[in-house]
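So this block is query.tsv, TSV, C-alpha atoms:
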```tsv
chain	number	residue	atom	x	y	z
A	1	MET	CA	91.10	87.61	123.03
A	2	ASN	CA	88.93	89.10	125.76
A	3	ARG	CA	89.54	91.91	128.23
A	4	GLU	CA	91.08	89.69	130.90
A	5	GLN	CA	93.44	87.98	128.46
A	6	PHE	CA	94.55	91.31	127.03
A	7	ILE	CA	95.34	92.71	130.47
A	8	ASP	CA	97.17	89.54	131.56
A	9	LEU	CA	99.53	89.86	128.55
A	10	ALA	CA	101.07	93.09	129.90
A	11	THR	CA	104.86	92.90	129.60
A	12	ASN	CA	105.57	95.71	132.13
A	13	ILE	CA	108.05	97.09	129.61
A	14	LYS	CA	107.85	100.89	129.44
A	15	ASN	CA	104.16	101.84	129.10
A	16	ASP	CA	102.86	98.30	128.70
A	17	THR	CA	101.50	97.92	132.23
A	18	ILE	CA	98.42	96.28	133.69
A	19	GLU	CA	97.14	99.72	134.65
A	20	ASN	CA	97.50	101.10	131.13
A	21	ARG	CA	95.92	98.03	129.56
A	22	SER	CA	92.96	98.34	131.94
A	23	TYR	CA	92.67	101.99	130.96
A	24	LEU	CA	92.66	101.05	127.27
A	25	CYS	CA	89.89	98.52	127.86
A	26	ASP	CA	87.76	101.17	129.55
A	27	THR	CA	88.29	103.68	126.74
A	28	PHE	CA	87.60	101.03	124.11
A	29	ASP	CA	84.26	100.29	125.77
A	30	ILE	CA	83.33	103.97	125.71
A	31	VAL	CA	84.24	104.25	122.02
A	32	HIS	CA	82.30	101.14	121.10
A	33	SER	CA	79.21	102.42	122.90
A	34	ASN	CA	79.27	105.85	121.27
A	35	VAL	CA	80.72	105.44	117.77
A	36	GLU	CA	79.36	103.13	115.08
A	37	CYS	CA	81.97	100.37	114.85
A	38	MET	CA	82.14	97.77	112.09
A	39	HIS	CA	84.37	95.41	114.07
A	40	ASP	CA	84.26	93.05	117.02
A	41	PRO	CA	85.68	94.45	120.31
A	42	SER	CA	88.18	91.58	120.41
A	43	GLU	CA	89.93	92.92	117.33
A	44	ALA	CA	91.02	96.08	119.11
A	45	TYR	CA	92.63	93.98	121.86
A	46	TYR	CA	94.68	92.00	119.34
A	47	MET	CA	95.89	95.11	117.56
A	48	ALA	CA	96.59	97.02	120.76
A	49	HIS	CA	98.62	94.08	122.03
A	50	HIS	CA	100.64	93.99	118.82
A	51	ILE	CA	101.39	97.72	119.05
A	52	LEU	CA	102.34	97.54	122.74
A	53	TYR	CA	104.47	94.44	122.16
A	54	ASN	CA	106.36	96.28	119.40
A	55	GLN	CA	106.39	99.73	120.98
A	56	ASN	CA	110.16	100.07	120.68
A	57	ILE	CA	110.07	99.59	116.91
A	58	PRO	CA	109.82	103.01	115.22
A	59	GLY	CA	107.07	103.86	112.78
A	60	SER	CA	103.60	105.34	112.47
A	61	ILE	CA	100.27	103.61	113.05
A	62	VAL	CA	98.35	103.62	109.77
A	63	GLU	CA	94.71	102.74	109.08
A	64	PHE	CA	93.21	102.44	105.61
A	65	GLY	CA	89.44	102.85	105.63
A	66	CYS	CA	88.51	104.55	108.90
A	67	TYR	CA	84.74	105.02	108.25
A	68	LYS	CA	83.33	106.92	111.26
A	69	GLY	CA	86.49	106.50	113.29
A	70	GLY	CA	85.59	103.74	115.75
A	71	MET	CA	88.83	101.82	115.40
A	72	SER	CA	90.69	105.08	114.79
A	73	CYS	CA	89.64	106.31	118.24
A	74	LYS	CA	90.83	103.09	119.86
A	75	LEU	CA	94.15	103.14	118.01
A	76	SER	CA	94.65	106.78	119.00
A	77	TYR	CA	94.64	105.86	122.71
A	78	VAL	CA	97.25	103.17	122.13
A	79	ALA	CA	99.32	105.57	120.02
A	80	LYS	CA	99.26	108.22	122.74
A	81	LEU	CA	100.56	105.68	125.26
A	82	VAL	CA	103.51	104.63	123.09
A	83	GLY	CA	104.29	108.03	121.61
A	84	LYS	CA	103.29	107.36	118.01
A	85	GLU	CA	101.16	109.15	115.43
A	86	VAL	CA	98.07	107.73	113.71
A	87	VAL	CA	97.68	108.37	109.98
A	88	LEU	CA	94.17	107.81	108.62
A	89	PHE	CA	93.51	107.13	104.95
A	90	ASP	CA	89.95	107.35	103.62
A	91	SER	CA	88.19	108.62	100.51
A	92	PHE	CA	85.29	109.88	102.68
A	93	ILE	CA	82.92	109.09	99.83
A	94	GLY	CA	82.45	105.40	100.63
A	95	LEU	CA	83.28	102.50	98.35
A	96	LEU	CA	84.50	103.59	94.95
A	97	GLU	CA	82.95	100.65	93.12
A	98	SER	CA	80.17	98.08	93.41
A	99	GLY	CA	80.58	94.32	93.39
A	100	SER	CA	79.18	90.98	94.50
A	101	TYR	CA	81.51	88.52	96.19
A	102	VAL	CA	81.20	84.96	97.43
A	103	PRO	CA	82.08	84.47	101.11
A	104	GLN	CA	85.00	82.10	101.62
A	105	SER	CA	82.78	79.71	103.59
A	106	GLN	CA	80.29	79.35	100.71
A	107	SER	CA	81.83	77.07	98.12
A	108	ASP	CA	78.52	76.56	96.32
A	109	ASN	CA	78.11	80.28	95.52
A	110	SER	CA	74.67	80.26	97.15
A	111	ILE	CA	75.38	83.40	99.18
A	112	THR	CA	77.04	86.60	98.03
A	113	TYR	CA	78.06	89.85	99.67
A	114	ASP	CA	76.79	92.83	97.70
A	115	PHE	CA	78.89	95.96	97.99
A	116	GLU	CA	77.38	99.10	96.51
A	117	GLN	CA	79.29	102.18	95.43
A	118	GLY	CA	79.09	104.76	98.22
A	119	MET	CA	78.63	102.23	101.04
A	120	PHE	CA	80.47	102.89	104.31
A	121	ALA	CA	80.71	106.61	103.63
A	122	SER	CA	81.43	109.12	106.36
A	123	THR	CA	82.48	112.73	106.20
A	124	ILE	CA	85.81	113.92	107.47
A	125	GLN	CA	83.87	116.27	109.74
A	126	GLU	CA	81.95	113.41	111.39
A	127	THR	CA	85.05	111.26	111.80
A	128	THR	CA	87.00	114.20	113.21
A	129	SER	CA	84.17	114.95	115.65
A	130	ASN	CA	84.23	111.37	116.90
A	131	LEU	CA	88.00	111.54	117.37
A	132	ILE	CA	87.67	114.78	119.33
A	133	ASN	CA	84.86	113.48	121.54
A	134	TYR	CA	85.96	109.86	122.03
A	135	GLY	CA	89.62	109.61	121.04
A	136	GLU	CA	93.03	111.26	121.29
A	137	HIS	CA	92.67	113.43	118.21
A	138	THR	CA	95.94	115.30	118.75
A	139	VAL	CA	97.99	112.27	117.63
A	140	CYS	CA	95.90	111.78	114.46
A	141	SER	CA	96.24	113.16	110.95
A	142	PHE	CA	94.17	112.52	107.82
A	143	MET	CA	95.18	111.57	104.29
A	144	PRO	CA	91.85	112.10	102.49
A	145	GLY	CA	91.50	110.90	98.90
A	146	THR	CA	92.22	107.84	96.79
A	147	ILE	CA	95.01	105.39	97.51
A	148	GLU	CA	96.39	105.66	93.98
A	149	LYS	CA	97.09	109.37	94.48
A	150	LEU	CA	98.14	109.29	98.12
A	151	LEU	CA	100.48	106.30	98.45
A	152	PRO	CA	103.11	107.62	96.00
A	153	ILE	CA	103.61	110.65	98.27
A	154	PHE	CA	103.44	108.69	101.55
A	155	ASP	CA	107.06	108.38	102.63
A	156	ARG	CA	106.69	107.00	106.17
A	157	HIS	CA	107.74	103.54	107.30
A	158	PRO	CA	104.81	102.38	109.47
A	159	SER	CA	105.14	99.98	112.37
A	160	PHE	CA	101.44	99.07	112.21
A	161	VAL	CA	99.05	98.83	109.25
A	162	LEU	CA	95.34	97.97	109.24
A	163	ILE	CA	93.59	97.62	105.87
A	164	ASP	CA	89.79	97.71	105.78
A	165	VAL	CA	88.82	99.00	102.35
A	166	ASP	CA	86.56	96.21	100.96
A	167	ILE	CA	87.94	96.52	97.42
A	168	ILE	CA	90.33	93.83	96.22
A	169	GLY	CA	92.41	96.01	93.90
A	170	THR	CA	92.86	98.72	96.51
A	171	CYS	CA	93.89	96.22	99.18
A	172	MET	CA	96.46	94.65	96.87
A	173	THR	CA	97.84	98.08	95.94
A	174	ILE	CA	98.31	98.99	99.60
A	175	ILE	CA	100.13	95.73	100.33
A	176	GLU	CA	102.29	96.16	97.24
A	177	LYS	CA	103.35	99.70	98.19
A	178	LEU	CA	103.89	99.13	101.92
A	179	TRP	CA	105.21	95.57	102.14
A	180	ASP	CA	108.85	96.62	102.01
A	181	LYS	CA	108.27	99.65	104.27
A	182	ILE	CA	106.49	98.22	107.31
A	183	THR	CA	108.97	97.94	110.16
A	184	THR	CA	107.21	95.14	112.08
A	185	GLU	CA	106.87	93.10	108.86
A	186	LEU	CA	103.22	92.24	109.52
A	187	ILE	CA	100.00	93.75	108.10
A	188	PHE	CA	96.47	93.33	109.46
A	189	PHE	CA	93.56	93.22	107.03
A	190	HIS	CA	89.82	92.60	106.89
A	191	GLU	CA	89.49	91.82	103.20
A	192	SER	CA	89.44	88.06	103.83
A	193	CYS	CA	85.75	87.28	103.77
A	194	ILE	CA	85.58	86.95	99.98
A	195	VAL	CA	86.93	84.15	97.84
A	196	ASP	CA	88.52	86.49	95.30
A	197	MET	CA	90.66	88.18	97.94
A	198	MET	CA	91.81	84.87	99.36
A	199	ASN	CA	92.79	83.73	95.89
A	200	ALA	CA	94.59	87.00	95.14
A	201	LEU	CA	96.60	86.96	98.35
A	202	SER	CA	97.42	83.28	97.92
A	203	ASP	CA	98.73	83.74	94.37
A	204	ASN	CA	102.48	83.16	94.25
A	205	ASP	CA	102.68	85.13	91.01
A	206	PHE	CA	101.69	88.31	92.87
A	207	TRP	CA	104.50	87.87	95.38
A	208	GLN	CA	107.08	86.73	92.84
A	209	THR	CA	106.26	89.60	90.48
A	210	ASN	CA	106.32	92.34	93.10
A	211	PHE	CA	108.79	91.08	95.69
A	212	GLY	CA	110.62	88.07	94.25
A	213	THR	CA	109.42	85.82	97.04
A	214	ASN	CA	106.86	83.10	97.67
A	215	THR	CA	103.53	83.61	99.44
A	216	PRO	CA	104.16	84.73	103.04
A	217	ALA	CA	102.48	83.42	106.17
A	218	PHE	CA	98.79	84.07	106.87
A	219	GLY	CA	96.90	83.92	110.12
A	220	HIS	CA	93.65	84.92	111.75
A	221	SER	CA	93.78	86.36	115.23
A	222	PHE	CA	90.39	85.16	116.45
A	223	TYR	CA	91.75	81.63	116.46
A	224	ASN	CA	94.94	82.40	118.33
A	225	LYS	CA	97.74	80.14	117.09
A	226	GLU	CA	95.83	78.46	114.27
A	227	TYR	CA	97.76	79.80	111.28
A	228	SER	CA	96.23	79.12	107.89
A	229	LEU	CA	94.78	80.91	104.90
A	230	PRO	CA	92.57	83.88	105.78
A	231	ASN	CA	89.34	82.95	107.48
A	232	THR	CA	85.86	84.43	107.14
A	233	ASN	CA	84.70	87.40	109.20
A	234	CYS	CA	87.65	87.82	111.51
A	235	LEU	CA	90.78	89.90	111.87
A	236	ASN	CA	93.55	88.49	109.69
A	237	PHE	CA	97.22	89.21	109.24
A	238	ILE	CA	99.85	88.52	106.65
A	239	ALA	CA	103.47	88.23	107.79
A	240	LYS	CA	106.93	87.90	106.34
A	241	PRO	CA	108.55	84.47	106.88
A	242	ASN	CA	111.01	85.69	109.52
A	243	VAL	CA	108.22	86.93	111.85
A	244	GLN	CA	107.83	84.73	114.92
A	245	LEU	CA	104.03	84.61	115.07
A	246	SER	CA	103.96	82.57	118.27
A	247	GLU	CA	105.69	85.45	120.06
A	248	ILE	CA	103.04	87.94	119.00
A	249	PHE	CA	99.73	86.10	119.49
```

What does the file become when written as structure tokens?
Amino acid sequence: MNREQFIDLATNIKNDTIENRSYLCDTFDIVHSNVECMHDPSEAYYMAHHILYNQNIPGSIVEFGCYKGGMSCKLSYVAKLVGKEVVLFDSFIGLLESGSYVPQSQSDNSITYDFEQGMFASTIQETTSNLINYGEHTVCSFMPGTIEKLLPIFDRHPSFVLIDVDIIGTCMTIIEKLWDKITTELIFFHESCIVDMMNALSDNDFWQTNFGTNTPAFGHSFYNKEYSLPNTNCLNFIAKPNVQLSEIF
């Protein structure tokens, strides 16, 4: 999705107007030019569209793994428009473990992604500064620390969840704890570029054990209506069977 497509999808329901979508595009450009962002600009359009499309559904906007706050800043502008809060989870000490993973597109194991403990670290001060300078910081709150300690005390029912934590176990824990709480019944995630994550999310035993259901629907937003298993290096989502994906993307 590009800028023009995002603007053309305005529903003119409440705050979802062409003018507001144009404003979001301008702010997103400013954020991307001034804050180190580990995502493609198109991803913000997809997520902003999803939030605007579902603005009447109650619930917080939640991001796991905010790094320096690039996507957090963008989400904060959308949240301000629709009257929601943004809750940011991060350890602020980078990755908690090291590992080497095979990209999904490399079946011969000839290429691996090496993640080192401490990678993608930012301080809460730096991320806060970016939110103050380039975002709507007044709608944001932090949950600093490890997921294992924080999720048991997190009692909100979010309407939007983005997971970008780069650790398989952590990603699975987040999905396990929030799957029955998310009000829009769809979770975005970036942990799709490694074979082990694809296998974990595609394992029926995980879903049967935790939720008593079969594997839900997967999709990747960069390819519009091509729904399949998670793809490499793009924004993915996982949705409950009753979600009408064609009405969202």

Shell around Leu88 in chain A at 7 Å using only C-alpha atoms, local window under 5 positions removed, as a ChimeraX atom specification: /A:62-64,66,141-143

Nearest residue to Gly219 in chain A from the set A:Asn20, A:Thr123, A:Thr146, A:Asn236 (distances using all atoms listed in the file): A:Asn236

Interatomic distance, CA of Tyr67 in chain A to CA of Ser122 in chain A (Å, one decimal): 5.6 Å

Shortest interatomic distance to Ala44 in chain A - which of A:Gly135, A:His157, A:Leu235, A:Glu176, counting all atoms listed in the file: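 Distance minimum relative to Ala44 in chain A lands on A:Leu235.
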
CA of Ser72 in chain A to CA of Phe237 in chain A, straight-line distance in Å: 18.0 Å

Long-range neighbours of Cys25 in chain A as a list in words, 9 Å cut-off, all atoms listed in the file, 3 positions minimum in chain: Arg3, Phe6, Ile7, Asn20, Arg21, Ser22, Phe28, Asp29, Ile30 and Tyr45 of chain A

Please produce a file of those selected residues containing C-alpha atoms, as a compact mmCIF listing (two decimals), keeping the file's coordinate frame.
```txt
# COMPACT_ATOMS: atom_id res chain seq x y z
CA ARG A 3 89.54 91.91 128.23
CA PHE A 6 94.55 91.31 127.03
CA ILE A 7 95.34 92.71 130.47
CA ASN A 20 97.50 101.10 131.13
CA ARG A 21 95.92 98.03 129.56
CA SER A 22 92.96 98.34 131.94
CA PHE A 28 87.60 101.03 124.11
CA ASP A 29 84.26 100.29 125.77
CA ILE A 30 83.33 103.97 125.71
CA TYR A 45 92.63 93.98 121.86
```

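For range 147-154 of chain A, the list of residues within 8 Å, based on all atoms listed in the file and with local chain neighbours fewer than 4 positions off taken out, reads Phe89, Met143, Thr170, Thr173, Ile174 and Lys177 of chain A.
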
Proximity to Ser33 in chain A - best of A:Thr11, A:Ile18, A:Gly59, A:Asn130, only C-alpha atoms: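 Of all the options, A:Asn130 lies closest to Ser33 in chain A.
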